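Peer 1: Okay, handing you the structure first.
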Amino acid sequence: MNLSKKEIVDILSSPDTDIFKEADAVRKKYVGDGVHLRGLIEFSNICKCNCLYCGLQSSNKHVNRYRLSKDEILDIAKKGVDEGFKTIVLQSGEDEFFNTKLMCEIISEIKNLGVALTLSIGEKSFEDYKAFKDAGADRYLLRIETTDKNLYKKMHPYANFDNRMRCLYDLKKLGYETGTGCLVGLPEQTLESLADDILFFKELDADMIGIGPFIPHPDTPLKNENNGSLDLAIKVMAVTRILLKDINIPATTAMESLRSDGRLLALQSGANVVMPNLTDDCHKKMYEIYPNKISATKQDFDFKLKTINRYIETVSCGYRNRA
Ligand code: 5AD
């Protein structure tokens, strides 16, 4: 299906939530009822960036900073594999301590465990992305956050929109399964710009899309702003499912942080992936991108999924079925 920008804006502005059911049907038809698990390891909260909305921004002096050692990361990954995870996601702030050589070592050791590996470690050069791919990385997540250039500039005063775009196209070129996504409800963000975000996901031919409501963090300059709306975030996700059909869409943690059944609602409105957090309790508390960040485990999902007639898929879902 193709939707024009105006049609998308009309859907996003309408109080009607029929789109949730339509997205659920498209999800069922193209990717089935299984929910894919990705085991998340948050291995460093040290970040050189200063994204205005993010609790881990380098200007936030209230964060207890940590980085896990290679052995600690591998131990967590092994525990995840023992629990049955088929995909490990390595996520961190932009921490240059983890240089190309060290990252490649970690990547190849995790790949030796026989799992798919996703990286979510920010903007790098083409050469770095190539080295990570050669070391075995399969997938990469890098949200564009917003495609509205003016808003991007306001939210990331020291960053460069064109470089972020370059990263996404480099990842695609290198054959990564490429994930991107956006925040919903940033100050001054319009429905038109969210429609542009969705059209960009299609244009990039993204393989995974993560969408979450903005949640103000008390130690950031955006602390007095309003939350993004959960309903609107789920609508953006639902329209994305309808347009891109067979991609992977996580029910994101930010959705659950706003409402206790937020992720279940997402799984009934187009999502087919959840990312339980494998990081140990002590460190996961320090990875506070936004307040009240939920850290569900696999066991939490086991139980909840049955209530919506979904089940944990025990094979890693690889390349998209484009049939
Ligand atoms: N609220 C919601 N999501 C946030 N992220 C960063 N800060 C916030 C916030 N305050 C999201 C960004 C980033 C992902 C790791 O977390 O979209 O890509």
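Starting from 1 in every chain, residues are counted up; chains themselves are A, B, ... following the order of the structure tokens, and ligands are numbered from 1 as listed.
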Can you tell me which residues surround A:Lys130 at a distance of at most 9 Å, considering only C-alpha atoms, apart from same-chain residues fewer than 6 positions away, and format the answer as number ranges by chain?
Peer 2: A: 170-171, 174
Peer 1: Please tabulate, as CSV, the residues of chain A that come within 6 Å of ligand 1, each with its closest pair of atoms and the distance in Å to one decimal, counting only C-alpha atoms and all ligand atoms and ordering rows by chain, then residue number upward.
Peer 2:
residue,atom,partner,partner_atom_place_in_ligand_line,distance
A:Tyr53,CA,ligand 1,10 (N),4.5
A:Cys54,CA,ligand 1,7 (N),3.6
A:Arg143,CA,ligand 1,18 (O),5.0
A:Glu145,CA,ligand 1,17 (O),5.5
A:Cys182,CA,ligand 1,17 (O),5.9
A:Leu183,CA,ligand 1,17 (O),5.3
A:Gly212,CA,ligand 1,3 (N),5.9
A:Pro213,CA,ligand 1,2 (C),5.5
A:Phe214,CA,ligand 1,1 (N),3.8
A:Ile215,CA,ligand 1,1 (N),3.8
A:Pro216,CA,ligand 1,10 (N),4.8
A:His217,CA,ligand 1,10 (N),5.5
A:Ala254,CA,ligand 1,2 (C),5.8
A:Ile289,CA,ligand 1,7 (N),4.9
A:Tyr290,CA,ligand 1,10 (N),4.5
Peer 1: Write the selection just made, keeping all heavy atoms, as a tab-separated table (two decimals), in the first residue's frame?
Peer 2:
chain	number	residue	atom	x	y	z
A	53	TYR	N	17.56	15.64	24.49
A	53	TYR	CA	16.52	14.86	25.17
A	53	TYR	C	17.10	13.73	26.00
A	53	TYR	O	16.41	13.16	26.85
A	53	TYR	CB	15.55	14.28	24.12
A	53	TYR	CG	16.26	13.69	22.91
A	53	TYR	CD1	16.82	12.42	22.96
A	53	TYR	CD2	16.39	14.43	21.74
A	53	TYR	CE1	17.50	11.91	21.86
A	53	TYR	CE2	17.07	13.93	20.64
A	53	TYR	CZ	17.61	12.67	20.70
A	53	TYR	OH	18.28	12.16	19.64
A	54	CYS	N	18.35	13.36	25.80
A	54	CYS	CA	18.84	12.08	26.33
A	54	CYS	C	19.49	12.25	27.72
A	54	CYS	O	20.35	13.09	27.92
A	54	CYS	CB	19.84	11.47	25.36
A	54	CYS	SG	20.44	9.87	25.93
A	143	ARG	N	18.73	5.23	15.03
A	143	ARG	CA	17.53	6.01	14.75
A	143	ARG	C	17.93	7.35	14.15
A	143	ARG	O	18.87	7.98	14.61
A	143	ARG	CB	16.74	6.27	16.04
A	143	ARG	CG	16.06	5.04	16.60
A	143	ARG	CD	15.16	5.47	17.75
A	143	ARG	NE	14.51	4.34	18.38
A	143	ARG	CZ	13.79	4.44	19.50
A	143	ARG	NH1	13.66	5.62	20.10
A	143	ARG	NH2	13.20	3.39	20.03
A	145	GLU	N	15.99	9.74	14.49
A	145	GLU	CA	15.37	10.54	15.56
A	145	GLU	C	14.31	11.49	15.03
A	145	GLU	O	13.19	11.53	15.52
A	145	GLU	CB	16.39	11.30	16.42
A	145	GLU	CG	17.60	10.48	16.89
A	145	GLU	CD	17.30	9.35	17.88
A	145	GLU	OE1	16.13	9.18	18.24
A	145	GLU	OE2	18.24	8.63	18.27
A	182	CYS	N	12.29	6.87	15.02
A	182	CYS	CA	12.18	8.26	15.45
A	182	CYS	C	11.57	8.37	16.84
A	182	CYS	O	11.00	7.41	17.36
A	182	CYS	CB	11.35	9.07	14.45
A	182	CYS	SG	9.64	8.52	14.34
A	183	LEU	N	11.73	9.53	17.39
A	183	LEU	CA	11.07	9.90	18.64
A	183	LEU	C	9.75	10.57	18.28
A	183	LEU	O	9.67	11.28	17.26
A	183	LEU	CB	11.95	10.86	19.43
A	183	LEU	CG	13.13	10.19	20.13
A	183	LEU	CD1	14.17	11.21	20.53
A	183	LEU	CD2	12.62	9.44	21.36
A	212	GLY	N	9.49	5.44	19.56
A	212	GLY	CA	9.11	5.58	20.97
A	212	GLY	C	8.70	7.00	21.29
A	212	GLY	O	9.15	7.96	20.63
A	213	PRO	N	7.81	7.16	22.28
A	213	PRO	CA	7.43	8.50	22.72
A	213	PRO	C	8.59	9.17	23.45
A	213	PRO	O	9.35	8.50	24.16
A	213	PRO	CB	6.28	8.24	23.70
A	213	PRO	CG	6.50	6.85	24.19
A	213	PRO	CD	7.18	6.09	23.09
A	214	PHE	N	8.73	10.45	23.26
A	214	PHE	CA	9.73	11.23	24.01
A	214	PHE	C	9.27	11.30	25.47
A	214	PHE	O	8.11	11.58	25.76
A	214	PHE	CB	9.84	12.64	23.40
A	214	PHE	CG	10.41	13.65	24.35
A	214	PHE	CD1	11.72	13.55	24.79
A	214	PHE	CD2	9.63	14.72	24.82
A	214	PHE	CE1	12.24	14.49	25.69
A	214	PHE	CE2	10.14	15.66	25.70
A	214	PHE	CZ	11.45	15.53	26.14
A	215	ILE	N	10.20	11.06	26.40
A	215	ILE	CA	9.91	11.15	27.84
A	215	ILE	C	10.96	12.10	28.45
A	215	ILE	O	12.16	11.79	28.41
A	215	ILE	CB	10.00	9.76	28.52
A	215	ILE	CG1	9.05	8.77	27.81
A	215	ILE	CG2	9.67	9.88	30.01
A	215	ILE	CD1	9.16	7.34	28.33
A	216	PRO	N	10.52	13.25	28.97
A	216	PRO	CA	11.52	14.22	29.45
A	216	PRO	C	12.33	13.68	30.63
A	216	PRO	O	11.77	13.06	31.53
A	216	PRO	CB	10.69	15.43	29.88
A	216	PRO	CG	9.28	14.99	29.89
A	216	PRO	CD	9.15	13.74	29.09
A	217	HIS	N	13.62	13.91	30.59
A	217	HIS	CA	14.50	13.48	31.67
A	217	HIS	C	14.80	14.70	32.55
A	217	HIS	O	15.15	15.77	32.04
A	217	HIS	CB	15.80	12.90	31.08
A	217	HIS	CG	16.66	12.24	32.10
A	217	HIS	ND1	17.33	12.96	33.06
A	217	HIS	CD2	16.95	10.94	32.33
A	217	HIS	CE1	17.99	12.12	33.84
A	217	HIS	NE2	17.78	10.88	33.41
A	254	ALA	N	10.13	2.52	25.85
A	254	ALA	CA	9.55	3.83	26.19
A	254	ALA	C	8.03	3.74	26.20
A	254	ALA	O	7.35	4.42	26.99
A	254	ALA	CB	10.04	4.90	25.22
A	289	ILE	N	18.30	6.58	29.99
A	289	ILE	CA	18.08	7.48	28.85
A	289	ILE	C	16.93	8.41	29.15
A	289	ILE	O	16.94	9.59	28.82
A	289	ILE	CB	17.78	6.64	27.58
A	289	ILE	CG1	18.97	5.74	27.25
A	289	ILE	CG2	17.44	7.52	26.41
A	289	ILE	CD1	18.72	4.78	26.12
A	290	TYR	N	15.89	7.87	29.80
A	290	TYR	CA	14.74	8.66	30.27
A	290	TYR	C	14.30	8.03	31.58
A	290	TYR	O	14.66	6.88	31.88
A	290	TYR	CB	13.60	8.65	29.23
A	290	TYR	CG	13.31	7.30	28.69
A	290	TYR	CD1	12.51	6.41	29.38
A	290	TYR	CD2	13.88	6.88	27.50
A	290	TYR	CE1	12.27	5.15	28.91
A	290	TYR	CE2	13.66	5.61	27.01
A	290	TYR	CZ	12.86	4.75	27.71
A	290	TYR	OH	12.64	3.49	27.25
Peer 1: Expressed in Å to a single decimal, how great is the separation between atom CA of A:Ser108 and atom CA of A:Met165?
Peer 2: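 Between these atoms lies a distance of 26.9 Å.
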Peer 1: Go through A:Ser257, A:Thr146, A:Thr17, A:Thr314 and flag the residue nearest A:Gly181, using only C-alpha atoms for the distances.
Peer 2: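 Using only C-alpha atoms, the shortest distance to A:Gly181 belongs to A:Thr146.
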Peer 1: Between atom CA of A:Thr178 and atom CA of A:Thr190, what is the spacing in Å?
Peer 2: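 We find that atom CA of A:Thr190 and atom CA of A:Thr178 lie 25.5 Å from each other.
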Peer 1: Write out as a ChimeraX atom specification which residues come within 12 Å of A:Ala159 when counting only C-alpha atoms, dropping same-chain ones fewer than 5 positions away.
Peer 2: /A:48-52,122-123,144,149,151-154,164-165
Peer 1: Just the number, please: distance in Å from atom CA of A:Thr118 to atom CA of A:Asn309, one decimal.
Peer 2: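 Going from atom CA of A:Thr118 over to atom CA of A:Asn309 covers 27.4 Å.
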Peer 1: Name the residues of stretch 75-219 of chain A that come out as helix (DSSP H, G or I) in a backbone DSSP run; write them as a PyMOL selection string.
Peer 2: chain A and resi 75-83+100-111+126-135+149-155+161-173+191-204
Peer 1: Which residue gives the smallest distance to A:Gly136 among A:Asp33, A:Glu105, A:Asp148, A:Asp281, with only C-alpha atoms counted?
Peer 2: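 Ranked by minimum distance to A:Gly136, first place goes to A:Glu105.
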Peer 1: Which of these, A:Thr180, A:Ser13, A:Asn272, A:Asn248, has the shortest distance to A:Phe201 once you count only C-alpha atoms?
Peer 2: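 Using only C-alpha atoms, A:Phe201 sits closest to A:Thr180.
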Peer 1: Residues at most 7 Å from stretch 90-103 of chain A, counting only C-alpha atoms, excluding those fewer than 5 positions away in the same chain, as a list of chain:residue names?
Peer 2: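 Here the qualifying residues turn out to be A:Leu40, A:Ile41, A:Glu42, A:Phe43, A:Ser44, A:Asn45, A:Ile46, A:Cys47, A:Lys48, A:Cys49, A:Thr118, A:Leu119, A:Ser120, A:Ile121, A:Gly122, A:Asp128.
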Peer 1: Once you have the residues from the selection above, write them out as a CSV table (one decimal), in the first residue's frame, restricted to all heavy atoms.
Peer 2:
chain,number,residue,atom,x,y,z
A,40,LEU,N,19.3,-7.5,25.0
A,40,LEU,CA,20.0,-6.3,25.0
A,40,LEU,C,21.1,-6.2,26.0
A,40,LEU,O,20.8,-6.5,27.2
A,40,LEU,CB,18.9,-5.1,25.2
A,40,LEU,CG,19.5,-3.7,25.3
A,40,LEU,CD1,20.0,-3.3,23.9
A,40,LEU,CD2,18.3,-2.8,25.7
A,41,ILE,N,22.3,-5.8,25.6
A,41,ILE,CA,23.3,-5.6,26.6
A,41,ILE,C,23.8,-4.1,26.5
A,41,ILE,O,24.2,-3.6,25.4
A,41,ILE,CB,24.6,-6.5,26.3
A,41,ILE,CG1,24.2,-7.9,26.2
A,41,ILE,CG2,25.6,-6.2,27.4
A,41,ILE,CD1,25.3,-8.9,25.9
A,42,GLU,N,23.5,-3.3,27.6
A,42,GLU,CA,23.9,-1.9,27.6
A,42,GLU,C,25.3,-1.8,28.2
A,42,GLU,O,25.5,-1.8,29.4
A,42,GLU,CB,22.9,-1.2,28.4
A,42,GLU,CG,21.5,-1.2,27.8
A,42,GLU,CD,20.4,-0.9,28.8
A,42,GLU,OE1,20.6,-1.1,30.0
A,42,GLU,OE2,19.3,-0.4,28.4
A,43,PHE,N,26.3,-1.8,27.3
A,43,PHE,CA,27.7,-2.1,27.8
A,43,PHE,C,28.5,-0.8,28.2
A,43,PHE,O,29.5,-1.0,28.8
A,43,PHE,CB,28.4,-3.0,26.9
A,43,PHE,CG,28.8,-2.4,25.5
A,43,PHE,CD1,30.0,-1.7,25.3
A,43,PHE,CD2,27.9,-2.5,24.5
A,43,PHE,CE1,30.3,-1.1,24.1
A,43,PHE,CE2,28.2,-1.9,23.2
A,43,PHE,CZ,29.4,-1.3,23.1
A,44,SER,N,28.0,0.4,27.8
A,44,SER,CA,28.7,1.6,28.3
A,44,SER,C,27.7,2.7,28.2
A,44,SER,O,27.0,2.9,27.2
A,44,SER,CB,29.9,1.9,27.4
A,44,SER,OG,30.3,3.2,27.7
A,45,ASN,N,27.6,3.5,29.3
A,45,ASN,CA,26.7,4.7,29.3
A,45,ASN,C,27.5,6.0,29.1
A,45,ASN,O,27.0,7.1,29.3
A,45,ASN,CB,25.8,4.7,30.5
A,45,ASN,CG,26.6,5.0,31.8
A,45,ASN,OD1,27.8,5.1,31.8
A,45,ASN,ND2,25.9,5.2,32.9
A,46,ILE,N,28.8,5.8,28.7
A,46,ILE,CA,29.6,7.0,28.4
A,46,ILE,C,29.4,7.4,27.0
A,46,ILE,O,29.4,6.6,26.1
A,46,ILE,CB,31.1,6.6,28.6
A,46,ILE,CG1,31.3,6.2,30.1
A,46,ILE,CG2,32.0,7.8,28.2
A,46,ILE,CD1,32.6,5.7,30.5
A,47,CYS,N,29.1,8.7,26.8
A,47,CYS,CA,28.7,9.2,25.5
A,47,CYS,C,29.3,10.6,25.3
A,47,CYS,O,29.2,11.5,26.1
A,47,CYS,CB,27.2,9.3,25.4
A,47,CYS,SG,26.6,9.5,23.7
A,48,LYS,N,29.8,10.7,24.1
A,48,LYS,CA,30.4,12.1,23.7
A,48,LYS,C,29.4,13.0,23.2
A,48,LYS,O,29.7,14.2,23.0
A,48,LYS,CB,31.6,11.9,22.8
A,48,LYS,CG,31.2,11.3,21.4
A,48,LYS,CD,32.3,11.3,20.4
A,48,LYS,CE,31.8,10.8,19.1
A,48,LYS,NZ,32.9,10.4,18.1
A,49,CYS,N,28.2,12.5,22.9
A,49,CYS,CA,27.1,13.3,22.3
A,49,CYS,C,26.4,14.1,23.3
A,49,CYS,O,26.4,13.8,24.5
A,49,CYS,CB,26.2,12.5,21.5
A,49,CYS,SG,27.0,11.5,20.3
A,118,THR,N,23.4,-7.7,16.6
A,118,THR,CA,23.0,-6.3,16.3
A,118,THR,C,23.8,-5.3,17.0
A,118,THR,O,24.1,-5.5,18.2
A,118,THR,CB,21.5,-6.1,16.6
A,118,THR,OG1,20.7,-7.1,16.0
A,118,THR,CG2,21.0,-4.7,16.1
A,119,LEU,N,24.3,-4.3,16.4
A,119,LEU,CA,25.0,-3.2,17.0
A,119,LEU,C,24.1,-1.9,17.1
A,119,LEU,O,23.4,-1.6,16.1
A,119,LEU,CB,26.3,-2.8,16.3
A,119,LEU,CG,27.4,-4.0,16.1
A,119,LEU,CD1,28.5,-3.4,15.3
A,119,LEU,CD2,27.8,-4.4,17.5
A,120,SER,N,24.3,-1.2,18.2
A,120,SER,CA,23.6,0.1,18.3
A,120,SER,C,24.5,1.0,19.1
A,120,SER,O,24.4,1.2,20.3
A,120,SER,CB,22.3,-0.1,19.0
A,120,SER,OG,21.6,1.1,19.3
A,121,ILE,N,25.6,1.5,18.3
A,121,ILE,CA,26.7,2.2,19.0
A,121,ILE,C,27.0,3.5,18.3
A,121,ILE,O,28.0,4.1,18.5
A,121,ILE,CB,27.9,1.3,19.1
A,121,ILE,CG1,28.4,0.8,17.7
A,121,ILE,CG2,27.7,0.1,20.0
A,121,ILE,CD1,29.8,0.1,17.8
A,122,GLY,N,26.0,4.0,17.5
A,122,GLY,CA,26.1,5.3,17.0
A,122,GLY,C,26.8,5.6,15.7
A,122,GLY,O,26.9,4.6,14.9
A,128,ASP,N,34.8,1.9,9.7
A,128,ASP,CA,34.4,1.2,10.9
A,128,ASP,C,33.3,0.2,10.7
A,128,ASP,O,33.3,-0.9,11.1
A,128,ASP,CB,34.1,2.2,12.0
A,128,ASP,CG,35.3,2.8,12.7
A,128,ASP,OD1,36.4,2.3,12.5
A,128,ASP,OD2,35.1,3.8,13.4
Peer 1: If you count only C-alpha atoms, which residues fall within 10 Å of A:Gly114, apart from same-chain ones fewer than 5 positions away, as a list in words?
Peer 2: Val81, Lys86, Thr87 and Glu109 of chain A
Peer 1: I need the residues from that last selection saved to file as a PDB file, in the first residue's frame (with all heavy atoms), if you can.
Peer 2:
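Dumped to selection24.pdb:
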ATOM      1  N   VAL A  81      22.591 -16.473  25.712  1.00  0.00           N
ATOM      2  CA  VAL A  81      22.533 -17.622  24.799  1.00  0.00           C
ATOM      3  C   VAL A  81      22.003 -18.844  25.558  1.00  0.00           C
ATOM      4  O   VAL A  81      21.163 -19.593  25.053  1.00  0.00           O
ATOM      5  CB  VAL A  81      23.921 -17.885  24.181  1.00  0.00           C
ATOM      6  CG1 VAL A  81      23.927 -19.160  23.355  1.00  0.00           C
ATOM      7  CG2 VAL A  81      24.339 -16.698  23.322  1.00  0.00           C
ATOM      8  N   LYS A  86      18.511 -15.849  20.498  1.00  0.00           N
ATOM      9  CA  LYS A  86      19.158 -16.121  19.203  1.00  0.00           C
ATOM     10  C   LYS A  86      19.759 -14.849  18.602  1.00  0.00           C
ATOM     11  O   LYS A  86      20.429 -14.892  17.581  1.00  0.00           O
ATOM     12  CB  LYS A  86      18.127 -16.682  18.207  1.00  0.00           C
ATOM     13  CG  LYS A  86      17.453 -17.959  18.687  1.00  0.00           C
ATOM     14  CD  LYS A  86      18.373 -19.157  18.504  1.00  0.00           C
ATOM     15  CE  LYS A  86      17.688 -20.458  18.848  1.00  0.00           C
ATOM     16  NZ  LYS A  86      17.604 -20.694  20.306  1.00  0.00           N
ATOM     17  N   THR A  87      19.445 -13.724  19.216  1.00  0.00           N
ATOM     18  CA  THR A  87      20.031 -12.449  18.776  1.00  0.00           C
ATOM     19  C   THR A  87      20.478 -11.662  19.995  1.00  0.00           C
ATOM     20  O   THR A  87      19.731 -11.545  20.972  1.00  0.00           O
ATOM     21  CB  THR A  87      18.998 -11.577  18.023  1.00  0.00           C
ATOM     22  OG1 THR A  87      18.544 -12.263  16.871  1.00  0.00           O
ATOM     23  CG2 THR A  87      19.616 -10.247  17.578  1.00  0.00           C
ATOM     24  N   GLU A 109      33.890 -12.662  19.064  1.00  0.00           N
ATOM     25  CA  GLU A 109      33.673 -13.636  20.161  1.00  0.00           C
ATOM     26  C   GLU A 109      32.186 -13.911  20.366  1.00  0.00           C
ATOM     27  O   GLU A 109      31.787 -15.044  20.642  1.00  0.00           O
ATOM     28  CB  GLU A 109      34.320 -13.137  21.454  1.00  0.00           C
ATOM     29  CG  GLU A 109      35.841 -13.078  21.302  1.00  0.00           C
ATOM     30  CD  GLU A 109      36.578 -13.444  22.582  1.00  0.00           C
ATOM     31  OE1 GLU A 109      36.055 -14.275  23.339  1.00  0.00           O
ATOM     32  OE2 GLU A 109      37.658 -12.866  22.797  1.00  0.00           O
TER      33      GLU A 109
END
Peer 1: Considering only C-alpha atoms, state which residue in the set A:Ser4, A:Ser269, A:Thr147, A:Asn160 is at the smallest distance from A:Ile234.
Peer 2: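 Distance minimum relative to A:Ile234 lands on A:Ser269.
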Peer 1: Counting only C-alpha atoms, which of A:Arg65, A:Asp138, A:Arg241, A:Ile107 gets nearest to A:Leu199?
Peer 2: A:Arg241
Peer 1: I'd like the neighbourhood of stretch 236-239 of chain A as a list in words, where a residue qualifies if any of its atoms comes within 8 Å (using only C-alpha atoms), though same-chain residues fewer than 2 positions away should be ignored.
Peer 2: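 Using only C-alpha atoms, the neighbours found are Ile8, Leu12, Ile19, Phe20, Glu22, Ala23, Asp24, Leu194, Ile198, Ile211, Leu232, Ala233, Ile234, Arg241, Ile242, Leu243, Ile249, Ser269, Gly270 and Ala271 of chain A.
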Peer 1: Print the selection's residues with N, CA and C atoms to a file, as an mmCIF file, in the first residue's frame.
Peer 2:
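Saved the output as again09.cif:
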data_model
loop_
_atom_site.group_PDB
_atom_site.id
_atom_site.type_symbol
_atom_site.label_atom_id
_atom_site.label_comp_id
_atom_site.auth_asym_id
_atom_site.auth_seq_id
_atom_site.Cartn_x
_atom_site.Cartn_y
_atom_site.Cartn_z
ATOM 1 N N ILE A 8 -1.218 10.320 5.422
ATOM 2 C CA ILE A 8 -0.604 9.933 6.704
ATOM 3 C C ILE A 8 -0.952 10.954 7.787
ATOM 4 N N LEU A 12 -2.819 10.322 11.352
ATOM 5 C CA LEU A 12 -2.191 10.668 12.635
ATOM 6 C C LEU A 12 -3.038 11.672 13.423
ATOM 7 N N ILE A 19 -6.743 2.098 12.653
ATOM 8 C CA ILE A 19 -5.435 1.822 12.053
ATOM 9 C C ILE A 19 -4.657 0.776 12.868
ATOM 10 N N PHE A 20 -4.897 0.701 14.180
ATOM 11 C CA PHE A 20 -4.212 -0.291 15.024
ATOM 12 C C PHE A 20 -4.575 -1.703 14.560
ATOM 13 N N GLU A 22 -5.799 -2.569 11.610
ATOM 14 C CA GLU A 22 -5.278 -2.808 10.251
ATOM 15 C C GLU A 22 -3.810 -3.212 10.310
ATOM 16 N N ALA A 23 -3.054 -2.513 11.151
ATOM 17 C CA ALA A 23 -1.621 -2.827 11.272
ATOM 18 C C ALA A 23 -1.434 -4.228 11.853
ATOM 19 N N ASP A 24 -2.300 -4.612 12.780
ATOM 20 C CA ASP A 24 -2.223 -5.942 13.385
ATOM 21 C C ASP A 24 -2.431 -7.014 12.300
ATOM 22 N N LEU A 194 6.377 14.033 11.282
ATOM 23 C CA LEU A 194 6.283 12.585 11.564
ATOM 24 C C LEU A 194 5.915 11.811 10.295
ATOM 25 N N ILE A 198 8.042 8.730 8.451
ATOM 26 C CA ILE A 198 7.531 7.433 7.983
ATOM 27 C C ILE A 198 7.890 7.233 6.504
ATOM 28 N N ILE A 211 10.253 2.913 17.271
ATOM 29 C CA ILE A 211 9.578 4.199 17.504
ATOM 30 C C ILE A 211 9.206 4.301 18.978
ATOM 31 N N LEU A 232 -0.128 8.417 19.900
ATOM 32 C CA LEU A 232 0.456 8.915 18.651
ATOM 33 C C LEU A 232 1.665 8.063 18.264
ATOM 34 N N ALA A 233 2.485 7.693 19.253
ATOM 35 C CA ALA A 233 3.656 6.849 18.941
ATOM 36 C C ALA A 233 3.191 5.523 18.342
ATOM 37 N N ILE A 234 2.138 4.948 18.903
ATOM 38 C CA ILE A 234 1.651 3.661 18.372
ATOM 39 C C ILE A 234 1.041 3.856 16.981
ATOM 40 N N ARG A 241 4.076 -0.023 9.894
ATOM 41 C CA ARG A 241 3.817 -1.447 9.588
ATOM 42 C C ARG A 241 3.035 -1.578 8.286
ATOM 43 N N ILE A 242 2.005 -0.739 8.131
ATOM 44 C CA ILE A 242 1.152 -0.860 6.946
ATOM 45 C C ILE A 242 1.937 -0.543 5.669
ATOM 46 N N LEU A 243 2.825 0.423 5.744
ATOM 47 C CA LEU A 243 3.589 0.811 4.548
ATOM 48 C C LEU A 243 4.766 -0.126 4.268
ATOM 49 N N ILE A 249 9.538 -4.770 13.856
ATOM 50 C CA ILE A 249 9.194 -3.569 14.632
ATOM 51 C C ILE A 249 9.138 -3.939 16.111
ATOM 52 N N SER A 269 -0.675 -3.832 17.611
ATOM 53 C CA SER A 269 -0.858 -2.736 16.652
ATOM 54 C C SER A 269 0.293 -2.691 15.651
ATOM 55 N N GLY A 270 0.918 -3.831 15.400
ATOM 56 C CA GLY A 270 1.945 -3.880 14.357
ATOM 57 C C GLY A 270 3.313 -4.366 14.787
ATOM 58 N N ALA A 271 3.615 -4.372 16.087
ATOM 59 C CA ALA A 271 4.969 -4.770 16.526
ATOM 60 C C ALA A 271 5.118 -6.292 16.560
#
